[in-house]
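Written out below as structure tokens is the structure these notes cover.
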Amino acid sequence: MRARTSAVRHLAIAAIAVATPLSVSAAPRARVTSDLRRSPDAPLTGSVCGGGGENRCYAHVVITSAGEIHANAAPSGFAPSDLQSAYQIDPNIATTPTVAIVDAYGYANLEADLAHYRAQFGLPACTIANGCLKIVNQAGQATPLPDDPPASDDWTVETALDVDMVSAACPRCKILVVQANDTSSINLYTAQNSAAAARPTVISDSWGRPQQVGEDLTGHEPYFDHPGIAQFFSGGDSGYNEGGRGPSYPSTSAHVIAVGGTALARSGNARGWIEAAWTMGGSSCSLSIPKTAYQATTPCAFRAATDISAVGDPATGVAVYNANNGGWMVLGGTSAAAPIVAAIFAATGHGDATGAFVKQQVASLFDVTSGSNGACGNILCNAAAGWDGPTGFGTPSAARLAGTTGGGGGGGTVQVMITSPADNATVAAGFVVTANVSMTAVQASFSIDGTLVQTITSGQVKFTAPAGLKPGAHLVEVKVADAAGATAVSQIHVTVSGGGIGGIGIGGDGSGTGTDEPKAAGCQAGRDTGMPTALACLGLAWAARRRRRPAA
């Protein structure tokens, strides 16, 4: 195990060592706290967010011997093409899902820095003007945006890492950045609710704080209870249980997918890449959040983290651009892993994923079996076959998650694109959805906010939304499959105006008081081919949903 981990480090450290420092007239703006717990042969690294706020980000950057951010004249570290190869990502998906990012403080140069990163690597422009990028405050409003952070707690580096990694893993994704006023839990939680209210495909969060002994966090859980929107939280950056400071929350929330960190390097194996657990990647056992059913066999008495992982070791880090801190830098941390995984799930049509879903998709993950993030003596801090604390169930293959196979991404055998309504259109309840699909499609399903409306196996791909759909924002999805089981997804957001009957679809009035899900003649889970029957089933499902919280 040690030999394999060492090989990962030496392969990637060699690439970082050739970076050329950029001569700048002033010291980089951010203050960095040097990492003490690292491998002796690794480059010097440091934590960016060390300002002592209630929550901290989990970004780690390569630094100089003077303890400043190591700025480079040109990109160093992994580029988008590297990450797309390592995680078998198709950068040319037909859809434009939205990844929401929640961070603290403002970032005046965000749009300009993002433009520089994307232009450098030939990615399509993502600007406010073209509708790809949107920046709002914690209330979800365009103005006023928060002030930039203090030098002692520079979250602009964190935000640059987040938007650059979403861009790398999903160049066609839209990006929504929600900026909390500061690092306090109440403000970050408020921002989380605003992000969910915008109905993005997924939400990425690269922050948290240790839970204290005797502290019950179950009262915080409603802030992350957003069914139908996958939320990916960094698992931490100081090893198991944050180096003894306590499990990282909200990564241990029952409603989120916790993301660990790996060291990533090229390899001569069939995949072309090898990974090991990052020595400082987070894993945790909650002190109060109940254990979820899919984690029944973990050694924790309560909820365990993590669920999934991606590159996080700054010694095998990614290229990021932030002008205020010298330009190009090499970054890592589970702050890198979370947006990468979030973007992959958004791009592959899994915006409603849960931790339980991740477990069901082990065939679509690369199992990480070597490396450690602590001395606990078991799988809570030692990578092993199957689930383990530092890397969860493994790292993602986007190609497999999309229902395709292959070593380097590439398009699938089936395609779909919603042609009407337009994304972000305002429509009336009962609107019609049409989609273009490839000739290989044998089945198409229509969902709203993660609830199945109808599945068809033949005929024109045209669907009608429920006439009783409540006013407000909704996520619309059409998913198709071919005979071999390969799938593709197209998603849009619409706003329903006027009328509505309290969110209940046709066929249910929401007045029932029982705990069992209502049944109706002709309702066949996920297989209804008749439009009226499907709409009736949807109404009953929504009625049940109002009475029953979905399982984690």
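Labeling convention for the structure tokens: chains A, B, ... as they appear, residues from 1 per chain, ligands from 1 in order of appearance.
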Output as a tab-separated table one row per residue of region 177-258 of chain A within 9 Å of region 357-375 of chain A: the closest atom pair and its distance in Å to one decimal place, counting only C-alpha atoms, sorted by chain and residue number ascending.
```
residue	atom	partner	partner_atom	distance
A:Ser238	CA	A:Asn373	CA	8.1
A:Gly239	CA	A:Asn373	CA	4.8
A:Tyr240	CA	A:Gly374	CA	5.7
A:Gly243	CA	A:Gly374	CA	7.9
A:Ile257	CA	A:Val358	CA	8.3
```
Discussion item. I'd like the contact shell of region 274-281 of chain A - 8 Å cut-off, only C-alpha atoms, skipping same-chain residues fewer than 5 positions apart - returned as a VMD selection string.
Written reply: chain A and resid 4 to 5 8 37 to 39 235 to 240 260 to 267 269 311 to 313 333 to 334 368 to 374 382 to 383 390 to 391
Next, write the just-selected residues to a file, as an mmCIF file, in the first residue's frame, keeping N, CA and C atoms as the atom set.
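File written: selection_30.cif
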```cif
data_model
loop_
_atom_site.group_PDB
_atom_site.id
_atom_site.type_symbol
_atom_site.label_atom_id
_atom_site.label_comp_id
_atom_site.auth_asym_id
_atom_site.auth_seq_id
_atom_site.Cartn_x
_atom_site.Cartn_y
_atom_site.Cartn_z
ATOM 1 N N ARG A 4 2.382 2.042 -3.500
ATOM 2 C CA ARG A 4 1.440 2.584 -4.469
ATOM 3 C C ARG A 4 1.158 4.047 -4.193
ATOM 4 N N THR A 5 0.957 4.398 -2.922
ATOM 5 C CA THR A 5 0.714 5.788 -2.562
ATOM 6 C C THR A 5 1.905 6.654 -2.921
ATOM 7 N N VAL A 8 2.043 7.459 -6.605
ATOM 8 C CA VAL A 8 1.108 8.526 -6.978
ATOM 9 C C VAL A 8 1.730 9.875 -6.705
ATOM 10 N N ARG A 37 0.840 18.636 8.408
ATOM 11 C CA ARG A 37 0.627 17.198 8.254
ATOM 12 C C ARG A 37 0.627 16.843 6.764
ATOM 13 N N ARG A 38 1.793 16.549 6.234
ATOM 14 C CA ARG A 38 1.933 16.227 4.821
ATOM 15 C C ARG A 38 3.112 15.278 4.649
ATOM 16 N N SER A 39 3.222 14.693 3.473
ATOM 17 C CA SER A 39 4.339 13.789 3.208
ATOM 18 C C SER A 39 5.624 14.583 3.038
ATOM 19 N N GLY A 235 -15.606 16.947 2.465
ATOM 20 C CA GLY A 235 -15.553 16.153 3.687
ATOM 21 C C GLY A 235 -14.586 16.649 4.734
ATOM 22 N N GLY A 236 -13.771 17.668 4.419
ATOM 23 C CA GLY A 236 -12.806 18.185 5.379
ATOM 24 C C GLY A 236 -11.397 18.155 4.816
ATOM 25 N N ASP A 237 -10.443 18.699 5.571
ATOM 26 C CA ASP A 237 -9.081 18.812 5.055
ATOM 27 C C ASP A 237 -8.010 18.592 6.115
ATOM 28 N N SER A 238 -8.373 17.945 7.215
ATOM 29 C CA SER A 238 -7.395 17.717 8.288
ATOM 30 C C SER A 238 -7.387 16.272 8.745
ATOM 31 N N GLY A 239 -7.773 15.364 7.860
ATOM 32 C CA GLY A 239 -7.779 13.953 8.202
ATOM 33 C C GLY A 239 -9.050 13.522 8.924
ATOM 34 N N TYR A 240 -8.993 12.335 9.507
ATOM 35 C CA TYR A 240 -10.158 11.752 10.169
ATOM 36 C C TYR A 240 -10.640 12.642 11.312
ATOM 37 N N GLY A 260 -14.817 13.112 -0.399
ATOM 38 C CA GLY A 260 -13.456 13.005 0.101
ATOM 39 C C GLY A 260 -12.434 13.368 -0.957
ATOM 40 N N GLY A 261 -11.140 13.253 -0.617
ATOM 41 C CA GLY A 261 -10.078 13.662 -1.517
ATOM 42 C C GLY A 261 -9.085 12.558 -1.793
ATOM 43 N N THR A 262 -8.535 12.565 -3.005
ATOM 44 C CA THR A 262 -7.523 11.594 -3.392
ATOM 45 C C THR A 262 -6.283 12.299 -3.934
ATOM 46 N N ALA A 263 -5.191 11.552 -4.017
ATOM 47 C CA ALA A 263 -4.031 11.932 -4.815
ATOM 48 C C ALA A 263 -4.194 11.247 -6.164
ATOM 49 N N LEU A 264 -3.973 11.984 -7.236
ATOM 50 C CA LEU A 264 -4.235 11.496 -8.597
ATOM 51 C C LEU A 264 -2.964 11.612 -9.429
ATOM 52 N N ALA A 265 -2.631 10.575 -10.168
ATOM 53 C CA ALA A 265 -1.459 10.625 -11.050
ATOM 54 C C ALA A 265 -1.680 9.720 -12.251
ATOM 55 N N ARG A 266 -0.945 10.008 -13.315
ATOM 56 C CA ARG A 266 -1.018 9.174 -14.513
ATOM 57 C C ARG A 266 -0.424 7.793 -14.232
ATOM 58 N N SER A 267 -0.890 6.817 -14.995
ATOM 59 C CA SER A 267 -0.463 5.442 -14.786
ATOM 60 C C SER A 267 -0.468 4.707 -16.116
ATOM 61 N N ASN A 269 -1.834 1.834 -16.407
ATOM 62 C CA ASN A 269 -2.934 0.871 -16.359
ATOM 63 C C ASN A 269 -3.971 1.182 -17.441
ATOM 64 N N VAL A 311 -9.970 14.052 -6.936
ATOM 65 C CA VAL A 311 -8.661 14.594 -6.622
ATOM 66 C C VAL A 311 -8.769 15.743 -5.615
ATOM 67 N N GLY A 312 -7.915 15.692 -4.579
ATOM 68 C CA GLY A 312 -7.921 16.715 -3.553
ATOM 69 C C GLY A 312 -6.537 17.064 -3.037
ATOM 70 N N ASP A 313 -5.573 16.190 -3.239
ATOM 71 C CA ASP A 313 -4.225 16.431 -2.741
ATOM 72 C C ASP A 313 -3.591 17.580 -3.531
ATOM 73 N N GLY A 333 -7.388 20.137 -2.050
ATOM 74 C CA GLY A 333 -8.338 20.104 -0.944
ATOM 75 C C GLY A 333 -9.620 19.419 -1.382
ATOM 76 N N THR A 334 -10.415 18.978 -0.421
ATOM 77 C CA THR A 334 -11.726 18.451 -0.811
ATOM 78 C C THR A 334 -12.573 19.569 -1.397
ATOM 79 N N VAL A 368 -10.980 3.093 -4.745
ATOM 80 C CA VAL A 368 -9.663 3.525 -4.287
ATOM 81 C C VAL A 368 -9.314 2.683 -3.071
ATOM 82 N N THR A 369 -8.225 1.942 -3.147
ATOM 83 C CA THR A 369 -7.949 0.924 -2.125
ATOM 84 C C THR A 369 -6.652 1.144 -1.366
ATOM 85 N N SER A 370 -5.955 2.252 -1.594
ATOM 86 C CA SER A 370 -4.711 2.485 -0.869
ATOM 87 C C SER A 370 -4.682 3.908 -0.338
ATOM 88 N N GLY A 371 -3.830 4.125 0.670
ATOM 89 C CA GLY A 371 -3.698 5.441 1.275
ATOM 90 C C GLY A 371 -4.455 5.546 2.588
ATOM 91 N N SER A 372 -4.148 6.580 3.352
ATOM 92 C CA SER A 372 -4.740 6.756 4.673
ATOM 93 C C SER A 372 -4.783 8.232 5.026
ATOM 94 N N ASN A 373 -5.743 8.613 5.861
ATOM 95 C CA ASN A 373 -5.816 10.001 6.337
ATOM 96 C C ASN A 373 -5.756 10.088 7.860
ATOM 97 N N GLY A 374 -5.232 9.040 8.514
ATOM 98 C CA GLY A 374 -5.158 9.078 9.968
ATOM 99 C C GLY A 374 -4.696 7.763 10.542
ATOM 100 N N ASN A 382 -8.533 4.422 6.660
ATOM 101 C CA ASN A 382 -7.693 3.679 5.730
ATOM 102 C C ASN A 382 -8.499 3.278 4.498
ATOM 103 N N ALA A 383 -8.030 3.649 3.323
ATOM 104 C CA ALA A 383 -8.701 3.232 2.100
ATOM 105 C C ALA A 383 -8.628 1.716 1.966
ATOM 106 N N PRO A 390 -12.074 7.770 3.889
ATOM 107 C CA PRO A 390 -11.424 8.820 3.104
ATOM 108 C C PRO A 390 -11.932 8.975 1.684
ATOM 109 N N THR A 391 -12.362 7.856 1.048
ATOM 110 C CA THR A 391 -12.747 7.938 -0.368
ATOM 111 C C THR A 391 -14.163 7.478 -0.651
#
```
Residue contacts of Val136 (chain A) (8 Å, only C-alpha atoms) excluding same-chain residues fewer than 2 positions away, as a PDB file with N, CA and C atoms, in the first residue's frame:
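File result-v9.pdb, as written:
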```
ATOM      1  N   LYS A 134     -24.209  33.447 -13.167  1.00  0.00           N
ATOM      2  CA  LYS A 134     -25.072  34.320 -12.363  1.00  0.00           C
ATOM      3  C   LYS A 134     -24.488  34.398 -10.964  1.00  0.00           C
ATOM      4  N   GLN A 138     -26.730  36.277  -0.506  1.00  0.00           N
ATOM      5  CA  GLN A 138     -27.303  35.155   0.244  1.00  0.00           C
ATOM      6  C   GLN A 138     -28.822  35.138   0.230  1.00  0.00           C
ATOM      7  N   ALA A 139     -29.437  36.255  -0.137  1.00  0.00           N
ATOM      8  CA  ALA A 139     -30.891  36.299  -0.272  1.00  0.00           C
ATOM      9  C   ALA A 139     -31.338  35.931  -1.681  1.00  0.00           C
ATOM     10  N   GLY A 140     -30.387  35.635  -2.558  1.00  0.00           N
ATOM     11  CA  GLY A 140     -30.729  35.278  -3.923  1.00  0.00           C
ATOM     12  C   GLY A 140     -30.896  36.464  -4.850  1.00  0.00           C
ATOM     13  N   GLN A 141     -30.467  37.657  -4.412  1.00  0.00           N
ATOM     14  CA  GLN A 141     -30.629  38.876  -5.198  1.00  0.00           C
ATOM     15  C   GLN A 141     -29.305  39.286  -5.844  1.00  0.00           C
ATOM     16  N   ALA A 142     -29.408  39.945  -6.998  1.00  0.00           N
ATOM     17  CA  ALA A 142     -28.205  40.359  -7.734  1.00  0.00           C
ATOM     18  C   ALA A 142     -27.439  41.467  -7.022  1.00  0.00           C
ATOM     19  N   THR A 143     -28.140  42.255  -6.226  1.00  0.00           N
ATOM     20  CA  THR A 143     -27.503  43.338  -5.471  1.00  0.00           C
ATOM     21  C   THR A 143     -28.152  43.457  -4.103  1.00  0.00           C
ATOM     22  N   LEU A 145     -24.039  42.816  -3.533  1.00  0.00           N
ATOM     23  CA  LEU A 145     -23.183  41.671  -3.280  1.00  0.00           C
ATOM     24  C   LEU A 145     -22.269  41.969  -2.096  1.00  0.00           C
ATOM     25  N   LEU A 176     -24.189  29.114 -11.021  1.00  0.00           N
ATOM     26  CA  LEU A 176     -24.829  30.067 -10.112  1.00  0.00           C
ATOM     27  C   LEU A 176     -23.970  30.158  -8.860  1.00  0.00           C
ATOM     28  N   VAL A 177     -23.451  31.353  -8.561  1.00  0.00           N
ATOM     29  CA  VAL A 177     -22.639  31.558  -7.359  1.00  0.00           C
ATOM     30  C   VAL A 177     -23.469  32.348  -6.356  1.00  0.00           C
ATOM     31  N   VAL A 178     -23.684  31.758  -5.172  1.00  0.00           N
ATOM     32  CA  VAL A 178     -24.439  32.413  -4.108  1.00  0.00           C
ATOM     33  C   VAL A 178     -23.446  32.793  -3.016  1.00  0.00           C
ATOM     34  N   GLN A 179     -23.338  34.089  -2.729  1.00  0.00           N
ATOM     35  CA  GLN A 179     -22.324  34.604  -1.820  1.00  0.00           C
ATOM     36  C   GLN A 179     -22.934  34.991  -0.475  1.00  0.00           C
TER      37      GLN A 179
END
```
Practice prompt. Tell me which of A:Ala196, A:Ala66, A:Cys285, A:Ala310 sits closest to Cys376 (chain A), counting only C-alpha atoms.
Written response: A:Cys285
Item to complete: Return the single residue from A:Ile101, A:Ala467, A:Leu161, A:Ala74 that is closest to Phe121 (chain A), with distances computed using only C-alpha atoms.
Response: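 Checking each of A:Ile101, A:Ala467, A:Leu161, A:Ala74 against Phe121 (chain A), counting only C-alpha atoms, the winner is A:Ala74.
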Skipping near chain neighbours, those fewer than 2 positions away, what residues fall within 7 Å of region 344-352 of chain A using only C-alpha atoms, listed as an mmCIF file with C-alpha atoms, in the first residue's frame?
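Okay, this is what ended up in selection_33.cif:
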```
data_model
loop_
_atom_site.group_PDB
_atom_site.id
_atom_site.type_symbol
_atom_site.label_atom_id
_atom_site.label_comp_id
_atom_site.auth_asym_id
_atom_site.auth_seq_id
_atom_site.Cartn_x
_atom_site.Cartn_y
_atom_site.Cartn_z
ATOM 1 C CA PRO A 97 -27.456 21.830 -16.362
ATOM 2 C CA ALA A 169 -15.715 18.922 -15.388
ATOM 3 C CA CYS A 170 -18.727 20.347 -17.234
ATOM 4 C CA THR A 201 -29.419 20.794 -10.999
ATOM 5 C CA VAL A 202 -26.963 20.334 -8.116
ATOM 6 C CA GLY A 228 -34.581 16.466 -5.808
ATOM 7 C CA ILE A 229 -31.397 18.579 -5.642
ATOM 8 C CA ALA A 230 -28.134 16.724 -5.007
ATOM 9 C CA ILE A 340 -15.691 18.206 -9.733
ATOM 10 C CA VAL A 341 -18.059 15.492 -8.519
ATOM 11 C CA ALA A 342 -21.048 17.864 -8.445
ATOM 12 C CA THR A 354 -28.440 10.909 -2.819
ATOM 13 C CA ALA A 398 -18.687 10.096 -15.914
ATOM 14 C CA LEU A 401 -22.657 7.297 -14.858
ATOM 15 C CA ALA A 402 -24.038 8.558 -18.164
ATOM 16 C CA GLY A 450 -37.603 14.776 -9.561
ATOM 17 C CA ALA A 488 -29.137 10.619 -21.762
ATOM 18 C CA VAL A 489 -30.874 13.500 -20.008
#
```
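Taking only C-alpha atoms into account, Pro339 (chain A) lies nearest to A:Ser234 out of the set A:Asn109, A:Asn241, A:Ser234, A:Asn181.
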Practice prompt. Can you check which residues of region 156-381 of chain A DSSP gives as alpha helix (DSSP H) on the backbone and send them as number ranges by chain?
Written response: A: 156-169, 185-197, 334-347, 355-360
Worksheet item: Can you tell me, as a PyMOL selection string, what residues are no more than 9 Å from Phe224 (chain A) when counting only C-alpha atoms, ignoring any on the same chain fewer than 5 positions away?
Response: chain A and resi 189+192-193+196+231+250+253-256
Keeping only C-alpha atoms, write the selected residues to a file as a PDB file, in the first residue's frame.
```pdb
ATOM      1  CA  TYR A 189     -27.251  28.250   5.600  1.00  0.00           C
ATOM      2  CA  GLN A 192     -27.863  27.345   0.839  1.00  0.00           C
ATOM      3  CA  ASN A 193     -31.627  27.811   0.985  1.00  0.00           C
ATOM      4  CA  ALA A 196     -31.973  25.520  -3.556  1.00  0.00           C
ATOM      5  CA  GLN A 231     -25.893  18.633  -2.587  1.00  0.00           C
ATOM      6  CA  PRO A 250     -22.529  19.703   7.044  1.00  0.00           C
ATOM      7  CA  SER A 253     -25.772  15.813   7.182  1.00  0.00           C
ATOM      8  CA  ALA A 254     -28.145  13.012   6.218  1.00  0.00           C
ATOM      9  CA  HIS A 255     -29.311  15.092   3.239  1.00  0.00           C
ATOM     10  CA  VAL A 256     -25.984  15.618   1.467  1.00  0.00           C
TER      11      VAL A 256
END
```
Item to complete: Report the distance between CA of Ala296 (chain A) and CA of Ser248 (chain A) in Å, rounded to one decimal place.
Response: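 Those two atoms sit 20.0 Å apart.
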Worksheet item: Nearest to Pro299 (chain A): which of A:Gly326, A:Ser420, A:Asp225, A:Cys381 is it, counting only C-alpha atoms?
Response: A:Cys381
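Of note, CA of Val427 (chain A) and CA of Val496 (chain A) are spaced 5.0 Å apart.
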Item to complete: Report the residues of region 27-232 of chain A whose backbone DSSP state falls under strand (DSSP E), written as an MDAnalysis selection string.
Response: chainID A and resid 33:34 45:47 56:57 60:62 98:104 133:137 174:180 202:205 207:210 230:232
Would you save the residues of that selection, restricted to N, CA and C atoms, as a compact mmCIF listing (two decimals), in the first residue's frame?
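Generated file (part-v7.txt):
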```txt
# COMPACT_ATOMS: atom_id res chain seq x y z
N THR A 33 -1.92 29.50 5.83
CA THR A 33 -1.42 28.75 6.98
C THR A 33 -0.79 27.47 6.49
N SER A 34 0.50 27.29 6.71
CA SER A 34 1.22 26.13 6.18
C SER A 34 0.65 24.83 6.73
N THR A 45 2.59 23.22 1.05
CA THR A 45 1.21 23.60 0.79
C THR A 45 0.64 24.31 2.02
N GLY A 46 -0.47 24.98 1.83
CA GLY A 46 -1.08 25.69 2.94
C GLY A 46 -2.58 25.83 2.77
N SER A 47 -3.25 26.07 3.88
CA SER A 47 -4.69 26.29 3.90
C SER A 47 -4.99 27.76 3.64
N ARG A 56 -15.00 27.29 7.70
CA ARG A 56 -13.83 27.55 6.88
C ARG A 56 -13.94 26.77 5.59
N CYS A 57 -13.30 27.28 4.56
CA CYS A 57 -13.26 26.54 3.30
C CYS A 57 -12.15 25.50 3.38
N HIS A 60 -6.62 24.09 -0.39
CA HIS A 60 -5.20 24.07 -0.05
C HIS A 60 -4.40 24.39 -1.29
N VAL A 61 -3.38 25.22 -1.14
CA VAL A 61 -2.63 25.74 -2.27
C VAL A 61 -1.14 25.46 -2.11
N VAL A 62 -0.45 25.27 -3.22
CA VAL A 62 1.02 25.13 -3.19
C VAL A 62 1.62 26.49 -2.88
N THR A 98 -27.37 23.26 -14.41
CA THR A 98 -26.88 24.35 -13.58
C THR A 98 -26.25 23.81 -12.31
N VAL A 99 -25.02 24.25 -12.04
CA VAL A 99 -24.35 23.93 -10.79
C VAL A 99 -24.33 25.18 -9.93
N ALA A 100 -24.97 25.12 -8.78
CA ALA A 100 -24.94 26.23 -7.82
C ALA A 100 -23.76 26.04 -6.88
N ILE A 101 -23.10 27.13 -6.54
CA ILE A 101 -21.95 27.12 -5.64
C ILE A 101 -22.24 28.09 -4.51
N VAL A 102 -22.10 27.65 -3.28
CA VAL A 102 -22.31 28.51 -2.11
C VAL A 102 -20.95 28.77 -1.46
N ASP A 103 -20.59 30.04 -1.36
CA ASP A 103 -19.33 30.43 -0.73
C ASP A 103 -19.56 31.67 0.12
N ALA A 104 -18.56 32.04 0.90
CA ALA A 104 -18.65 33.22 1.75
C ALA A 104 -17.95 34.41 1.07
N LEU A 133 -23.33 32.52 -16.43
CA LEU A 133 -22.89 32.83 -15.08
C LEU A 133 -23.89 33.77 -14.40
N LYS A 134 -24.21 33.45 -13.17
CA LYS A 134 -25.07 34.32 -12.36
C LYS A 134 -24.49 34.40 -10.96
N ILE A 135 -24.42 35.62 -10.42
CA ILE A 135 -23.86 35.84 -9.08
C ILE A 135 -24.91 36.57 -8.25
N VAL A 136 -25.25 36.02 -7.09
CA VAL A 136 -26.26 36.62 -6.24
C VAL A 136 -25.78 36.63 -4.79
N ASN A 137 -26.45 37.43 -3.96
CA ASN A 137 -26.13 37.46 -2.54
C ASN A 137 -26.87 36.34 -1.81
N LYS A 174 -24.19 25.69 -16.69
CA LYS A 174 -24.36 27.04 -16.17
C LYS A 174 -23.89 27.06 -14.72
N ILE A 175 -23.46 28.23 -14.27
CA ILE A 175 -22.91 28.36 -12.92
C ILE A 175 -23.65 29.46 -12.17
N LEU A 176 -24.19 29.11 -11.02
CA LEU A 176 -24.83 30.07 -10.11
C LEU A 176 -23.97 30.16 -8.86
N VAL A 177 -23.45 31.35 -8.56
CA VAL A 177 -22.64 31.56 -7.36
C VAL A 177 -23.47 32.35 -6.36
N VAL A 178 -23.68 31.76 -5.17
CA VAL A 178 -24.44 32.41 -4.11
C VAL A 178 -23.45 32.79 -3.02
N GLN A 179 -23.34 34.09 -2.73
CA GLN A 179 -22.32 34.60 -1.82
C GLN A 179 -22.93 34.99 -0.48
N ALA A 180 -22.55 34.26 0.57
CA ALA A 180 -22.98 34.61 1.92
C ALA A 180 -22.20 35.83 2.41
N VAL A 202 -27.68 20.79 -9.31
CA VAL A 202 -26.96 20.33 -8.12
C VAL A 202 -26.42 21.55 -7.38
N ILE A 203 -25.97 21.35 -6.14
CA ILE A 203 -25.30 22.40 -5.36
C ILE A 203 -23.96 21.85 -4.88
N SER A 204 -22.92 22.67 -5.00
CA SER A 204 -21.59 22.31 -4.52
C SER A 204 -21.20 23.21 -3.37
N ASP A 205 -20.72 22.61 -2.28
CA ASP A 205 -20.33 23.35 -1.08
C ASP A 205 -18.96 22.86 -0.62
N TRP A 207 -17.12 23.86 2.22
CA TRP A 207 -16.89 24.47 3.52
C TRP A 207 -17.55 23.63 4.62
N GLY A 208 -17.21 23.96 5.86
CA GLY A 208 -17.79 23.27 7.00
C GLY A 208 -17.08 23.68 8.27
N ARG A 209 -17.44 23.01 9.36
CA ARG A 209 -16.79 23.28 10.65
C ARG A 209 -16.94 22.05 11.54
N PRO A 210 -16.02 21.86 12.51
CA PRO A 210 -16.08 20.67 13.36
C PRO A 210 -17.28 20.70 14.32
N ALA A 230 -29.30 17.34 -5.63
CA ALA A 230 -28.13 16.72 -5.01
C ALA A 230 -27.21 17.82 -4.48
N GLN A 231 -26.79 17.67 -3.23
CA GLN A 231 -25.89 18.63 -2.59
C GLN A 231 -24.60 17.92 -2.23
N PHE A 232 -23.48 18.43 -2.75
CA PHE A 232 -22.18 17.80 -2.56
C PHE A 232 -21.33 18.66 -1.63
```
Could you pull the residues within 9 Å of Thr306 (chain A), counting only C-alpha atoms, minus those fewer than 2 positions along the same chain, as a compact mmCIF listing (two decimals) with N, CA and C atoms, in the first residue's frame?
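out13.txt written:
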```txt
# COMPACT_ATOMS: atom_id res chain seq x y z
N SER A 234 -17.80 19.14 0.74
CA SER A 234 -16.44 18.72 1.03
C SER A 234 -16.39 18.03 2.39
N GLY A 235 -15.61 16.95 2.46
CA GLY A 235 -15.55 16.15 3.69
C GLY A 235 -14.59 16.65 4.73
N SER A 251 -20.93 18.06 6.07
CA SER A 251 -20.67 16.84 5.29
C SER A 251 -21.31 15.62 5.92
N THR A 252 -21.60 15.69 7.22
CA THR A 252 -22.25 14.57 7.90
C THR A 252 -23.76 14.72 7.96
N ILE A 257 -24.34 14.62 0.02
CA ILE A 257 -23.35 13.64 -0.42
C ILE A 257 -21.98 14.18 -0.03
N ALA A 258 -21.30 13.48 0.86
CA ALA A 258 -20.00 13.93 1.36
C ALA A 258 -18.89 13.49 0.41
N VAL A 259 -17.96 14.42 0.12
CA VAL A 259 -16.93 14.18 -0.89
C VAL A 259 -15.54 14.19 -0.24
N GLY A 260 -14.82 13.11 -0.40
CA GLY A 260 -13.46 13.00 0.10
C GLY A 260 -12.43 13.37 -0.96
N GLY A 282 -10.70 14.59 4.41
CA GLY A 282 -11.59 14.42 5.55
C GLY A 282 -12.39 13.12 5.52
N SER A 283 -12.64 12.58 6.69
CA SER A 283 -13.64 11.54 6.91
C SER A 283 -14.12 11.70 8.34
N SER A 284 -15.36 11.33 8.60
CA SER A 284 -15.96 11.66 9.90
C SER A 284 -17.00 10.66 10.33
N ALA A 304 -21.87 8.52 8.73
CA ALA A 304 -20.46 8.51 8.39
C ALA A 304 -20.22 9.32 7.12
N ILE A 308 -18.19 9.63 -1.61
CA ILE A 308 -17.55 9.58 -2.92
C ILE A 308 -16.33 10.49 -2.84
N SER A 309 -15.48 10.50 -3.84
CA SER A 309 -14.26 11.31 -3.76
C SER A 309 -13.77 11.69 -5.16
N TRP A 387 -16.44 0.41 0.49
CA TRP A 387 -16.57 1.71 1.16
C TRP A 387 -15.45 1.90 2.19
N ASP A 388 -14.95 3.12 2.25
CA ASP A 388 -14.04 3.52 3.33
C ASP A 388 -14.23 5.00 3.59
N GLY A 389 -13.78 5.47 4.75
CA GLY A 389 -14.00 6.85 5.13
C GLY A 389 -13.36 7.88 4.22
N PRO A 390 -12.07 7.77 3.89
CA PRO A 390 -11.42 8.82 3.10
C PRO A 390 -11.93 8.97 1.68
N THR A 391 -12.36 7.86 1.05
CA THR A 391 -12.75 7.94 -0.37
C THR A 391 -14.16 7.48 -0.65
N GLY A 392 -14.92 7.12 0.38
CA GLY A 392 -16.29 6.68 0.17
C GLY A 392 -16.34 5.41 -0.66
N PHE A 393 -17.26 5.39 -1.63
CA PHE A 393 -17.40 4.22 -2.50
C PHE A 393 -16.48 4.30 -3.71
```
Item to complete: Have a look at CA of Ile93 (chain A) and CA of Gln491 (chain A) and let me know their distance in Å, one decimal.
Response: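 Distance reported for this atom pair: 11.6 Å.
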Fill in: Minimum-distance residue to Asp423 (chain A), chosen among A:Thr297, A:Asn322, A:Thr495, A:Ser85 (using only C-alpha atoms)
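Among the listed residues, the smallest separation from Asp423 (chain A) belongs to A:Thr495.
Of the listed residues A:Ala435, A:Val48, A:Ala441, A:Ile186, the one whose atoms come nearest to Pro149 (chain A) is A:Val48, with distances taken using only C-alpha atoms.
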